[in-house]
Amino acid sequence: MADRVLLLAVGASVVLLLLLGLIVYYLWRSRRNKKKGRSQYEELLPSVAACSAPVILVSQDSVATLREIPFTVPPRFPTQNQGVLKNEEEAEMKTEAQRDILAHRGSLSVSRWYPVGTVRAGLYPLPPLNEVVAPPPGMATRLCFSVEYRHSSEQLAVSLLRLGNLPPRFHGNATLVELRRLPDDRRPRQAKARGTGPDPEFSDRFVFQVSWACVPRSTLSVCVLSVAQDGKRHAVGRVLVPLEGELGQAGRVLWRDLETEDHVQCSELGDVQISLSYSPSLQRLSVVVLGARGLQLLTDAGVCVQASLQIHTQVVKMKRSRVVKSQNDPSFHHRVTFKLRPQHLDEACLRFELQQPNVAPSEPPALLGVLVLGPFMYARGQQLQHWMDMVNTPQEAVELWHGLGRAT
């Protein structure tokens, strides 16, 4: 009886040992399979070389799996340090996998961040701008730009490229450009040059939303300013470009000479210099007639200027200066102030008349020329630009020369 019990105990012990061994074996085998699968998954992720360029990371979780990521996964080509493949079958499998990756254009479904690659800006050098848009011969200060109208979206695109032959006194200052599309733009769009010197460059593009019917009536105004270190702005010149004739040259680089005060030619009847300033808080319009040049005097009786404020067809106020004797380039410094509410800025205009007194006091004075400054209802071109500059820069005096016209 004792022998049977001993045999049963020994048999049970052997069975328990076998079961324990099997359990240990299966645990070891499953752990080994997990490590093997993890190493194969890590092998699929290429290592990213250390570089100074930023790494582009792509993530696609359960929310983003519905749309495609606009990136193409770069193929992982074998490197020299990985060694030669063991046999031809593995080489064919690798080639087929690479072809599949190159042909793949679908979305990626991964649940964590992983590196796609880097962008090296040095592989895409740009030629210098002075080689692409060389200025035409001559020493005049010129502006380089392009104008293009997109009929499908009704957009007018203006690209500023560079300035050429900037005067030496402005070489050390920052260059600022103010762009407007007249007559609609009240506030200018500004662009700052990327450097200093005689030929500062720009990289700015402006888009105006305008219908094709309004384009022929529009004028592109470009004002170039030089900003000194103390913050003061000095006018370099301006360009007025009628858009009707330039749109036929879309996509081409255009050069236009800046109109500066030193090179502006007198009109047939002469020029007059006007200073405008408006204060919205005081509702006051200040006008100063500084002087005139190139006048065609009829007699030696002298010349005077008459300034008047007009709202629609009604003359609100009129004032005449003193008579300056026998000068083709008289200096007036005639100051006039008008009471004008801000809501009337789009309805009012200023009219200037240069007159010569008649020998007979009973006869009216002889009219030498007329100038009208105001909004789009009354003026165009440089006269409109002067009025807009006054409105957009309150409390600041804006001086400009204007050519005289004949009375209509």
# chains A, B, ... in the order shown; residues from 1 in each chain; ligands from 1
>>> select_by_dssp(residues="segment 194-355 of chain A", states="strand (DSSP E or B)", output="ChimeraX atom specification")
/A:201-209,219-227,233-242,254-257,259,271-279,284-293,303-311,314-320,324,331-339,348-355
>>> atom_distance(atom1="atom CA of Gly164 of chain A", atom2="atom CA of Val177 of chain A")
13.6 Å
>>> residues_around(residues="Arg238 of chain A", least_positions_apart="2", cutoff="6 Å", atoms="only C-alpha atoms", output="compact mmCIF listing (two decimals) with N, CA and C atoms, in the first residue's frame")
# COMPACT_ATOMS: atom_id res chain seq x y z
N VAL A 222 1.92 105.29 -57.34
CA VAL A 222 3.03 104.74 -56.55
C VAL A 222 3.87 105.92 -56.08
N CYS A 223 3.95 106.09 -54.77
CA CYS A 223 4.73 107.18 -54.16
C CYS A 223 5.92 106.56 -53.43
N VAL A 224 7.12 107.02 -53.74
CA VAL A 224 8.36 106.51 -53.14
C VAL A 224 8.83 107.51 -52.09
N LEU A 258 10.49 108.05 -62.13
CA LEU A 258 9.82 108.78 -61.06
C LEU A 258 9.73 110.26 -61.42
N GLU A 259 8.61 110.87 -61.14
CA GLU A 259 8.43 112.29 -61.32
C GLU A 259 8.85 113.00 -60.04
>>> select_by_dssp(residues="segment 192-246 of chain A", states="alpha helix (DSSP H)", output="number ranges by chain")
A: 243-246
>>> write_last_selection(atoms="all heavy atoms", output="CSV table (one decimal), in the first residue's frame")
chain,number,residue,atom,x,y,z
A,243,LEU,N,-4.2,102.4,-65.9
A,243,LEU,CA,-4.2,100.9,-66.0
A,243,LEU,C,-4.7,100.4,-67.4
A,243,LEU,O,-4.5,99.3,-67.7
A,243,LEU,CB,-5.1,100.3,-64.9
A,243,LEU,CG,-4.6,100.6,-63.5
A,243,LEU,CD1,-5.6,100.0,-62.5
A,243,LEU,CD2,-3.2,100.0,-63.3
A,244,GLU,N,-5.4,101.2,-68.1
A,244,GLU,CA,-6.0,100.8,-69.4
A,244,GLU,C,-4.9,100.3,-70.4
A,244,GLU,O,-5.1,99.3,-71.0
A,244,GLU,CB,-6.8,101.9,-70.0
A,244,GLU,CG,-7.5,101.5,-71.3
A,244,GLU,CD,-8.4,102.6,-71.8
A,244,GLU,OE1,-8.3,103.7,-71.3
A,244,GLU,OE2,-9.2,102.4,-72.8
A,245,GLY,N,-3.8,101.1,-70.5
A,245,GLY,CA,-2.8,100.7,-71.4
A,245,GLY,C,-1.8,99.7,-71.0
A,245,GLY,O,-1.2,99.0,-71.8
A,246,GLU,N,-1.7,99.5,-69.6
A,246,GLU,CA,-0.7,98.6,-69.1
A,246,GLU,C,-1.1,97.2,-69.0
A,246,GLU,O,-0.3,96.3,-69.0
A,246,GLU,CB,-0.2,99.1,-67.7
A,246,GLU,CG,0.4,100.5,-67.7
A,246,GLU,CD,1.6,100.6,-68.5
A,246,GLU,OE1,2.2,99.6,-68.8
A,246,GLU,OE2,1.9,101.7,-69.0
>>> residues_around(residues="segment 333-344 of chain A", least_positions_apart="3", cutoff="12 Å", atoms="only C-alpha atoms", output="compact mmCIF listing (two decimals) with all heavy atoms, in the first residue's frame")
# COMPACT_ATOMS: atom_id res chain seq x y z
N VAL A 272 1.74 125.94 -60.05
CA VAL A 272 1.47 126.58 -58.76
C VAL A 272 1.71 125.55 -57.67
O VAL A 272 1.38 124.36 -57.82
CB VAL A 272 0.03 127.14 -58.71
CG1 VAL A 272 -0.99 126.03 -58.87
CG2 VAL A 272 -0.20 127.87 -57.41
N GLN A 273 2.32 125.99 -56.55
CA GLN A 273 2.63 125.12 -55.43
C GLN A 273 1.62 125.35 -54.32
O GLN A 273 1.45 126.47 -53.83
CB GLN A 273 4.04 125.37 -54.92
CG GLN A 273 4.51 124.37 -53.87
CD GLN A 273 5.91 124.67 -53.37
OE1 GLN A 273 6.39 125.79 -53.50
NE2 GLN A 273 6.58 123.66 -52.82
N ILE A 274 0.94 124.23 -53.90
CA ILE A 274 -0.12 124.29 -52.92
C ILE A 274 0.23 123.39 -51.73
O ILE A 274 0.77 122.30 -51.90
CB ILE A 274 -1.47 123.85 -53.52
CG1 ILE A 274 -1.77 124.65 -54.80
CG2 ILE A 274 -2.59 124.00 -52.51
CD1 ILE A 274 -2.01 126.11 -54.58
N SER A 275 -0.10 123.85 -50.54
CA SER A 275 0.03 123.06 -49.32
C SER A 275 -1.35 122.90 -48.69
O SER A 275 -2.06 123.89 -48.47
CB SER A 275 0.98 123.74 -48.33
OG SER A 275 1.01 123.03 -47.10
N LEU A 276 -1.73 121.63 -48.41
CA LEU A 276 -3.04 121.32 -47.83
C LEU A 276 -2.86 120.61 -46.49
O LEU A 276 -1.95 119.78 -46.33
CB LEU A 276 -3.86 120.42 -48.76
CG LEU A 276 -4.18 120.96 -50.16
CD1 LEU A 276 -5.00 119.95 -50.93
CD2 LEU A 276 -4.89 122.29 -50.08
N SER A 277 -3.73 120.91 -45.56
CA SER A 277 -3.75 120.25 -44.25
C SER A 277 -5.17 120.26 -43.73
O SER A 277 -5.87 121.28 -43.83
CB SER A 277 -2.81 120.95 -43.27
OG SER A 277 -2.89 120.35 -41.99
N TYR A 278 -5.58 119.12 -43.14
CA TYR A 278 -6.95 119.01 -42.63
C TYR A 278 -6.92 118.48 -41.19
O TYR A 278 -6.19 117.53 -40.88
CB TYR A 278 -7.81 118.09 -43.49
CG TYR A 278 -9.25 118.01 -43.03
CD1 TYR A 278 -10.10 119.08 -43.17
CD2 TYR A 278 -9.72 116.85 -42.41
CE1 TYR A 278 -11.42 119.01 -42.74
CE2 TYR A 278 -11.03 116.76 -41.98
CZ TYR A 278 -11.88 117.84 -42.14
OH TYR A 278 -13.18 117.78 -41.69
N SER A 279 -7.73 119.09 -40.33
CA SER A 279 -7.86 118.67 -38.94
C SER A 279 -9.28 118.18 -38.71
O SER A 279 -10.22 119.00 -38.69
CB SER A 279 -7.55 119.84 -37.99
OG SER A 279 -7.79 119.49 -36.66
N PRO A 280 -9.49 116.86 -38.55
CA PRO A 280 -10.86 116.36 -38.32
C PRO A 280 -11.46 116.85 -37.01
O PRO A 280 -12.67 117.09 -36.93
CB PRO A 280 -10.68 114.84 -38.33
CG PRO A 280 -9.37 114.60 -38.99
CD PRO A 280 -8.52 115.78 -38.68
N SER A 281 -10.64 116.97 -35.96
CA SER A 281 -11.18 117.39 -34.67
C SER A 281 -11.67 118.84 -34.71
O SER A 281 -12.70 119.17 -34.12
CB SER A 281 -10.12 117.22 -33.58
OG SER A 281 -8.95 117.98 -33.88
N LEU A 282 -10.93 119.71 -35.40
CA LEU A 282 -11.32 121.11 -35.51
C LEU A 282 -12.22 121.38 -36.71
O LEU A 282 -12.73 122.50 -36.85
CB LEU A 282 -10.08 122.00 -35.61
CG LEU A 282 -9.11 121.93 -34.42
CD1 LEU A 282 -7.90 122.82 -34.69
CD2 LEU A 282 -9.80 122.36 -33.14
N GLN A 283 -12.37 120.37 -37.60
CA GLN A 283 -13.15 120.52 -38.84
C GLN A 283 -12.65 121.73 -39.64
O GLN A 283 -13.42 122.57 -40.09
CB GLN A 283 -14.65 120.68 -38.52
CG GLN A 283 -15.25 119.49 -37.80
CD GLN A 283 -16.73 119.65 -37.56
OE1 GLN A 283 -17.34 120.64 -37.95
NE2 GLN A 283 -17.34 118.66 -36.91
N ARG A 284 -11.32 121.78 -39.78
CA ARG A 284 -10.69 122.93 -40.42
C ARG A 284 -9.77 122.47 -41.56
O ARG A 284 -8.96 121.57 -41.38
CB ARG A 284 -9.88 123.72 -39.40
CG ARG A 284 -9.25 125.00 -39.97
CD ARG A 284 -8.56 125.76 -38.86
NE ARG A 284 -7.47 125.00 -38.27
CZ ARG A 284 -6.82 125.35 -37.16
NH1 ARG A 284 -7.21 126.43 -36.49
NH2 ARG A 284 -5.84 124.61 -36.70
N LEU A 285 -9.93 123.09 -42.71
CA LEU A 285 -9.10 122.85 -43.88
C LEU A 285 -8.19 124.06 -44.07
O LEU A 285 -8.67 125.17 -44.29
CB LEU A 285 -9.98 122.63 -45.12
CG LEU A 285 -9.25 122.51 -46.46
CD1 LEU A 285 -8.30 121.32 -46.47
CD2 LEU A 285 -10.26 122.39 -47.60
N SER A 286 -6.88 123.82 -43.96
CA SER A 286 -5.90 124.89 -44.09
C SER A 286 -5.23 124.80 -45.45
O SER A 286 -4.73 123.73 -45.84
CB SER A 286 -4.84 124.80 -42.99
OG SER A 286 -5.43 124.89 -41.71
N VAL A 287 -5.20 125.92 -46.17
CA VAL A 287 -4.64 125.99 -47.52
C VAL A 287 -3.60 127.11 -47.55
O VAL A 287 -3.85 128.21 -47.05
CB VAL A 287 -5.73 126.25 -48.57
CG1 VAL A 287 -5.13 126.30 -49.97
CG2 VAL A 287 -6.82 125.20 -48.47
N VAL A 288 -2.44 126.78 -48.14
CA VAL A 288 -1.39 127.77 -48.31
C VAL A 288 -0.95 127.74 -49.77
O VAL A 288 -0.51 126.69 -50.26
CB VAL A 288 -0.19 127.53 -47.39
CG1 VAL A 288 0.88 128.60 -47.60
CG2 VAL A 288 -0.62 127.48 -45.93
N VAL A 289 -1.09 128.86 -50.47
CA VAL A 289 -0.58 129.00 -51.84
C VAL A 289 0.83 129.56 -51.70
O VAL A 289 1.02 130.75 -51.41
CB VAL A 289 -1.48 129.91 -52.69
CG1 VAL A 289 -0.96 129.96 -54.12
CG2 VAL A 289 -2.92 129.42 -52.67
N LEU A 290 1.83 128.70 -51.92
CA LEU A 290 3.22 129.09 -51.67
C LEU A 290 3.78 129.96 -52.80
O LEU A 290 4.41 130.99 -52.56
CB LEU A 290 4.08 127.85 -51.47
CG LEU A 290 3.67 126.98 -50.27
CD1 LEU A 290 4.48 125.70 -50.26
CD2 LEU A 290 3.86 127.74 -48.98
N GLY A 291 3.60 129.55 -54.02
CA GLY A 291 4.16 130.31 -55.13
C GLY A 291 3.76 129.73 -56.47
O GLY A 291 3.01 128.75 -56.54
N ALA A 292 4.30 130.31 -57.51
CA ALA A 292 4.02 129.87 -58.88
C ALA A 292 5.30 130.01 -59.70
O ALA A 292 6.24 130.70 -59.30
CB ALA A 292 2.88 130.68 -59.50
N CYS A 304 -2.11 137.83 -58.95
CA CYS A 304 -2.65 137.42 -57.65
C CYS A 304 -3.32 136.07 -57.80
O CYS A 304 -3.56 135.60 -58.92
CB CYS A 304 -3.64 138.47 -57.13
SG CYS A 304 -5.13 138.65 -58.14
N VAL A 305 -3.63 135.44 -56.67
CA VAL A 305 -4.28 134.14 -56.68
C VAL A 305 -5.56 134.22 -55.86
O VAL A 305 -5.60 134.86 -54.80
CB VAL A 305 -3.34 133.03 -56.12
CG1 VAL A 305 -2.93 133.34 -54.70
CG2 VAL A 305 -4.00 131.67 -56.21
N GLN A 306 -6.59 133.55 -56.37
CA GLN A 306 -7.88 133.52 -55.68
C GLN A 306 -8.21 132.07 -55.34
O GLN A 306 -8.21 131.20 -56.22
CB GLN A 306 -8.97 134.12 -56.57
CG GLN A 306 -10.38 134.04 -55.98
CD GLN A 306 -11.41 134.66 -56.90
OE1 GLN A 306 -11.48 135.88 -57.03
NE2 GLN A 306 -12.21 133.82 -57.54
N ALA A 307 -8.45 131.80 -54.05
CA ALA A 307 -8.78 130.45 -53.56
C ALA A 307 -10.21 130.43 -53.08
O ALA A 307 -10.66 131.35 -52.36
CB ALA A 307 -7.84 130.05 -52.44
N SER A 308 -10.95 129.38 -53.45
CA SER A 308 -12.35 129.26 -53.05
C SER A 308 -12.69 127.82 -52.72
O SER A 308 -12.14 126.88 -53.32
CB SER A 308 -13.29 129.77 -54.16
OG SER A 308 -13.09 129.02 -55.34
N LEU A 309 -13.55 127.63 -51.74
CA LEU A 309 -14.07 126.32 -51.36
C LEU A 309 -15.47 126.16 -51.93
O LEU A 309 -16.32 127.05 -51.77
CB LEU A 309 -14.10 126.17 -49.84
CG LEU A 309 -14.71 124.87 -49.31
CD1 LEU A 309 -13.84 123.68 -49.70
CD2 LEU A 309 -14.88 124.93 -47.79
N GLN A 310 -15.68 125.02 -52.57
CA GLN A 310 -16.94 124.80 -53.27
C GLN A 310 -17.50 123.44 -52.88
O GLN A 310 -16.77 122.44 -52.86
CB GLN A 310 -16.69 124.87 -54.78
CG GLN A 310 -17.91 124.69 -55.63
CD GLN A 310 -17.58 124.87 -57.11
OE1 GLN A 310 -16.72 125.68 -57.46
NE2 GLN A 310 -18.23 124.10 -57.94
N ILE A 311 -18.77 123.37 -52.52
CA ILE A 311 -19.48 122.12 -52.24
C ILE A 311 -20.56 121.97 -53.31
O ILE A 311 -21.48 122.78 -53.39
CB ILE A 311 -20.10 122.12 -50.84
CG1 ILE A 311 -19.00 122.22 -49.78
CG2 ILE A 311 -20.91 120.85 -50.61
CD1 ILE A 311 -19.52 122.23 -48.35
N HIS A 312 -20.36 120.93 -54.12
CA HIS A 312 -21.19 120.76 -55.33
C HIS A 312 -21.02 122.01 -56.20
O HIS A 312 -19.92 122.31 -56.65
CB HIS A 312 -22.65 120.47 -54.96
CG HIS A 312 -22.82 119.16 -54.25
ND1 HIS A 312 -22.53 117.95 -54.84
CD2 HIS A 312 -23.25 118.88 -53.00
CE1 HIS A 312 -22.78 116.97 -53.99
NE2 HIS A 312 -23.22 117.51 -52.86
N VAL A 315 -20.45 127.97 -53.88
CA VAL A 315 -19.20 128.51 -53.36
C VAL A 315 -19.43 128.89 -51.90
O VAL A 315 -20.25 129.75 -51.59
CB VAL A 315 -18.73 129.73 -54.18
CG1 VAL A 315 -17.46 130.29 -53.58
CG2 VAL A 315 -18.51 129.33 -55.63
N VAL A 316 -18.67 128.24 -50.99
CA VAL A 316 -18.83 128.48 -49.56
C VAL A 316 -18.06 129.69 -49.12
O VAL A 316 -18.56 130.55 -48.38
CB VAL A 316 -18.39 127.24 -48.75
CG1 VAL A 316 -18.52 127.48 -47.26
CG2 VAL A 316 -19.20 126.02 -49.17
N LYS A 317 -16.79 129.81 -49.57
CA LYS A 317 -15.94 130.92 -49.15
C LYS A 317 -14.93 131.19 -50.23
O LYS A 317 -14.45 130.26 -50.90
CB LYS A 317 -15.24 130.59 -47.82
CG LYS A 317 -14.38 131.71 -47.27
CD LYS A 317 -13.74 131.30 -45.95
CE LYS A 317 -12.85 132.40 -45.40
NZ LYS A 317 -12.21 132.02 -44.11
N MET A 318 -14.56 132.44 -50.39
CA MET A 318 -13.59 132.84 -51.41
C MET A 318 -12.68 133.92 -50.83
O MET A 318 -13.14 134.80 -50.09
CB MET A 318 -14.30 133.38 -52.66
CG MET A 318 -13.38 133.83 -53.77
SD MET A 318 -14.30 134.63 -55.13
CE MET A 318 -15.44 133.33 -55.56
N LYS A 319 -11.38 133.84 -51.16
CA LYS A 319 -10.42 134.83 -50.67
C LYS A 319 -9.33 135.04 -51.70
O LYS A 319 -8.84 134.07 -52.28
CB LYS A 319 -9.81 134.38 -49.34
CG LYS A 319 -8.98 135.46 -48.67
CD LYS A 319 -8.52 135.03 -47.28
CE LYS A 319 -7.73 136.13 -46.62
NZ LYS A 319 -7.24 135.74 -45.26
N ARG A 320 -8.95 136.31 -51.92
CA ARG A 320 -7.95 136.66 -52.93
C ARG A 320 -6.70 137.20 -52.23
O ARG A 320 -6.79 137.91 -51.22
CB ARG A 320 -8.51 137.70 -53.89
CG ARG A 320 -7.58 138.07 -55.03
CD ARG A 320 -8.25 139.06 -55.95
NE ARG A 320 -9.48 138.52 -56.52
CZ ARG A 320 -10.33 139.22 -57.27
NH1 ARG A 320 -10.10 140.52 -57.48
NH2 ARG A 320 -11.42 138.67 -57.76
N SER A 321 -5.53 136.87 -52.78
CA SER A 321 -4.27 137.30 -52.19
C SER A 321 -3.91 138.71 -52.67
O SER A 321 -4.58 139.29 -53.53
CB SER A 321 -3.15 136.32 -52.56
OG SER A 321 -2.84 136.44 -53.95
N ARG A 322 -2.83 139.22 -52.14
CA ARG A 322 -2.32 140.52 -52.58
C ARG A 322 -1.71 140.37 -53.98
O ARG A 322 -1.36 139.27 -54.40
CB ARG A 322 -1.27 141.03 -51.61
CG ARG A 322 -0.08 140.11 -51.46
CD ARG A 322 0.91 140.61 -50.44
NE ARG A 322 2.01 139.67 -50.28
CZ ARG A 322 3.09 139.65 -51.04
NH1 ARG A 322 3.22 140.55 -52.03
NH2 ARG A 322 4.07 138.77 -50.84
N VAL A 323 -1.55 141.45 -54.67
CA VAL A 323 -1.00 141.46 -56.01
C VAL A 323 0.53 141.54 -55.92
O VAL A 323 1.08 142.40 -55.22
CB VAL A 323 -1.55 142.63 -56.83
CG1 VAL A 323 -0.90 142.67 -58.22
CG2 VAL A 323 -3.06 142.51 -56.95
N VAL A 324 1.20 140.59 -56.58
CA VAL A 324 2.66 140.57 -56.65
C VAL A 324 3.06 141.15 -58.00
O VAL A 324 2.61 140.68 -59.06
CB VAL A 324 3.20 139.14 -56.48
CG1 VAL A 324 4.72 139.13 -56.59
CG2 VAL A 324 2.75 138.56 -55.15
N PRO A 330 6.24 134.21 -59.10
CA PRO A 330 5.91 134.96 -57.89
C PRO A 330 5.85 134.05 -56.66
O PRO A 330 5.64 132.84 -56.76
CB PRO A 330 4.53 135.55 -58.21
CG PRO A 330 3.94 134.58 -59.17
CD PRO A 330 5.07 134.06 -60.00
N GLU A 347 -17.54 115.70 -51.06
CA GLU A 347 -18.44 116.56 -51.84
C GLU A 347 -17.83 117.92 -52.14
O GLU A 347 -18.38 118.68 -52.94
CB GLU A 347 -19.76 116.76 -51.08
CG GLU A 347 -20.47 115.46 -50.71
CD GLU A 347 -21.64 115.69 -49.78
OE1 GLU A 347 -21.82 116.85 -49.36
OE2 GLU A 347 -22.36 114.72 -49.50
N ALA A 348 -16.71 118.25 -51.49
CA ALA A 348 -16.12 119.59 -51.61
C ALA A 348 -14.89 119.56 -52.50
O ALA A 348 -14.27 118.51 -52.72
CB ALA A 348 -15.76 120.14 -50.23
N CYS A 349 -14.52 120.73 -53.00
CA CYS A 349 -13.31 120.88 -53.80
C CYS A 349 -12.75 122.28 -53.60
O CYS A 349 -13.45 123.19 -53.14
CB CYS A 349 -13.58 120.60 -55.28
SG CYS A 349 -14.57 121.87 -56.09
N LEU A 350 -11.48 122.44 -53.94
CA LEU A 350 -10.80 123.73 -53.89
C LEU A 350 -10.51 124.20 -55.31
O LEU A 350 -10.01 123.42 -56.14
CB LEU A 350 -9.50 123.63 -53.10
CG LEU A 350 -9.61 123.40 -51.59
CD1 LEU A 350 -8.25 123.09 -51.01
CD2 LEU A 350 -10.23 124.60 -50.91
N PHE A 352 -8.52 127.18 -57.52
CA PHE A 352 -7.51 128.24 -57.50
C PHE A 352 -7.47 128.90 -58.88
O PHE A 352 -7.41 128.20 -59.90
CB PHE A 352 -6.13 127.68 -57.15
CG PHE A 352 -6.08 126.96 -55.83
CD1 PHE A 352 -6.31 125.60 -55.75
CD2 PHE A 352 -5.80 127.66 -54.67
CE1 PHE A 352 -6.27 124.94 -54.55
CE2 PHE A 352 -5.75 127.01 -53.44
CZ PHE A 352 -5.99 125.64 -53.38
N GLY A 374 -9.55 118.09 -55.43
CA GLY A 374 -10.71 117.51 -54.76
C GLY A 374 -10.80 116.02 -54.96
O GLY A 374 -9.88 115.38 -55.51
N PRO A 375 -11.91 115.41 -54.55
CA PRO A 375 -12.10 113.97 -54.70
C PRO A 375 -12.40 113.61 -56.16
O PRO A 375 -12.31 114.44 -57.06
CB PRO A 375 -13.29 113.68 -53.78
CG PRO A 375 -14.04 114.96 -53.71
CD PRO A 375 -13.01 116.05 -53.81
N VAL A 391 -6.37 113.85 -46.91
CA VAL A 391 -7.39 113.18 -46.10
C VAL A 391 -6.78 112.05 -45.28
O VAL A 391 -7.15 111.84 -44.11
CB VAL A 391 -8.51 112.65 -47.02
CG1 VAL A 391 -9.52 111.82 -46.22
CG2 VAL A 391 -9.22 113.80 -47.71
N ASN A 392 -5.83 111.32 -45.85
CA ASN A 392 -5.26 110.15 -45.18
C ASN A 392 -4.19 110.50 -44.16
O ASN A 392 -3.81 109.64 -43.35
CB ASN A 392 -4.68 109.19 -46.22
CG ASN A 392 -5.75 108.60 -47.11
OD1 ASN A 392 -6.85 108.31 -46.66
ND2 ASN A 392 -5.44 108.42 -48.39
N PRO A 394 -4.07 113.25 -41.58
CA PRO A 394 -4.59 114.44 -40.89
C PRO A 394 -3.51 115.11 -40.06
O PRO A 394 -2.54 114.48 -39.62
CB PRO A 394 -5.71 113.88 -40.02
CG PRO A 394 -5.38 112.44 -39.84
CD PRO A 394 -4.70 112.02 -41.11
>>> closest_atom_pairs(of="segment 181-262 of chain A", to="segment 379-385 of chain A", cutoff="8 Å", atoms="only C-alpha atoms", output="tab-separated table")
residue	atom	partner	partner_atom	distance
A:Leu182	CA	A:Gln385	CA	7.7
A:Pro183	CA	A:Leu384	CA	7.6
A:Thr219	CA	A:Gly381	CA	7.3
A:Ser221	CA	A:Gln385	CA	7.8
A:Leu240	CA	A:Gly381	CA	7.2
>>> write_last_selection(atoms="C-alpha atoms", output="mmCIF file, in the first residue's frame")
data_model
loop_
_atom_site.group_PDB
_atom_site.id
_atom_site.type_symbol
_atom_site.label_atom_id
_atom_site.label_comp_id
_atom_site.auth_asym_id
_atom_site.auth_seq_id
_atom_site.Cartn_x
_atom_site.Cartn_y
_atom_site.Cartn_z
ATOM 1 C CA LEU A 182 -7.286 105.719 -57.679
ATOM 2 C CA PRO A 183 -9.997 106.807 -57.208
ATOM 3 C CA THR A 219 -4.980 104.907 -62.146
ATOM 4 C CA SER A 221 -0.380 105.709 -57.951
ATOM 5 C CA LEU A 240 1.032 107.572 -62.057
#
>>> closest_residue(among="A:Leu404, A:Leu7, A:Val215, A:Leu143", to="Glu201 of chain A", atoms="only C-alpha atoms")
A:Leu143
>>> decode(residues="segment 188-192 of chain A", atoms="all heavy atoms", output="PDB file, in the first residue's frame")
ATOM      1  N   PRO A 188      -3.321 104.086 -48.233  1.00  0.00           N
ATOM      2  CA  PRO A 188      -2.300 103.488 -49.096  1.00  0.00           C
ATOM      3  C   PRO A 188      -1.849 102.126 -48.576  1.00  0.00           C
ATOM      4  O   PRO A 188      -1.907 101.845 -47.377  1.00  0.00           O
ATOM      5  CB  PRO A 188      -1.154 104.503 -49.031  1.00  0.00           C
ATOM      6  CG  PRO A 188      -1.309 105.144 -47.688  1.00  0.00           C
ATOM      7  CD  PRO A 188      -2.783 105.191 -47.412  1.00  0.00           C
ATOM      8  N   ARG A 189      -1.402 101.298 -49.483  1.00  0.00           N
ATOM      9  CA  ARG A 189      -0.771 100.022 -49.136  1.00  0.00           C
ATOM     10  C   ARG A 189       0.736 100.224 -49.198  1.00  0.00           C
ATOM     11  O   ARG A 189       1.249 100.738 -50.196  1.00  0.00           O
ATOM     12  CB  ARG A 189      -1.212  98.923 -50.093  1.00  0.00           C
ATOM     13  CG  ARG A 189      -2.730  98.830 -50.209  1.00  0.00           C
ATOM     14  CD  ARG A 189      -3.158  97.603 -50.957  1.00  0.00           C
ATOM     15  NE  ARG A 189      -4.590  97.565 -51.176  1.00  0.00           N
ATOM     16  CZ  ARG A 189      -5.264  96.501 -51.591  1.00  0.00           C
ATOM     17  NH1 ARG A 189      -4.603  95.380 -51.842  1.00  0.00           N
ATOM     18  NH2 ARG A 189      -6.570  96.557 -51.762  1.00  0.00           N
ATOM     19  N   GLN A 190       1.421  99.808 -48.155  1.00  0.00           N
ATOM     20  CA  GLN A 190       2.835 100.134 -48.011  1.00  0.00           C
ATOM     21  C   GLN A 190       3.704  98.902 -48.206  1.00  0.00           C
ATOM     22  O   GLN A 190       3.313  97.782 -47.895  1.00  0.00           O
ATOM     23  CB  GLN A 190       3.103 100.753 -46.631  1.00  0.00           C
ATOM     24  CG  GLN A 190       2.426 102.080 -46.409  1.00  0.00           C
ATOM     25  CD  GLN A 190       2.810 102.698 -45.074  1.00  0.00           C
ATOM     26  OE1 GLN A 190       3.446 102.072 -44.236  1.00  0.00           O
ATOM     27  NE2 GLN A 190       2.421 103.951 -44.867  1.00  0.00           N
ATOM     28  N   ALA A 191       4.887  99.159 -48.730  1.00  0.00           N
ATOM     29  CA  ALA A 191       5.905  98.115 -48.911  1.00  0.00           C
ATOM     30  C   ALA A 191       7.256  98.731 -48.562  1.00  0.00           C
ATOM     31  O   ALA A 191       7.542  99.865 -48.943  1.00  0.00           O
ATOM     32  CB  ALA A 191       5.904  97.587 -50.345  1.00  0.00           C
ATOM     33  N   LYS A 192       8.067  97.964 -47.853  1.00  0.00           N
ATOM     34  CA  LYS A 192       9.386  98.433 -47.439  1.00  0.00           C
ATOM     35  C   LYS A 192      10.458  97.639 -48.165  1.00  0.00           C
ATOM     36  O   LYS A 192      10.358  96.418 -48.301  1.00  0.00           O
ATOM     37  CB  LYS A 192       9.556  98.280 -45.923  1.00  0.00           C
ATOM     38  CG  LYS A 192      10.840  98.879 -45.389  1.00  0.00           C
ATOM     39  CD  LYS A 192      10.910  98.755 -43.876  1.00  0.00           C
ATOM     40  CE  LYS A 192      12.185  99.376 -43.329  1.00  0.00           C
ATOM     41  NZ  LYS A 192      12.265  99.244 -41.844  1.00  0.00           N
TER      42      LYS A 192
END
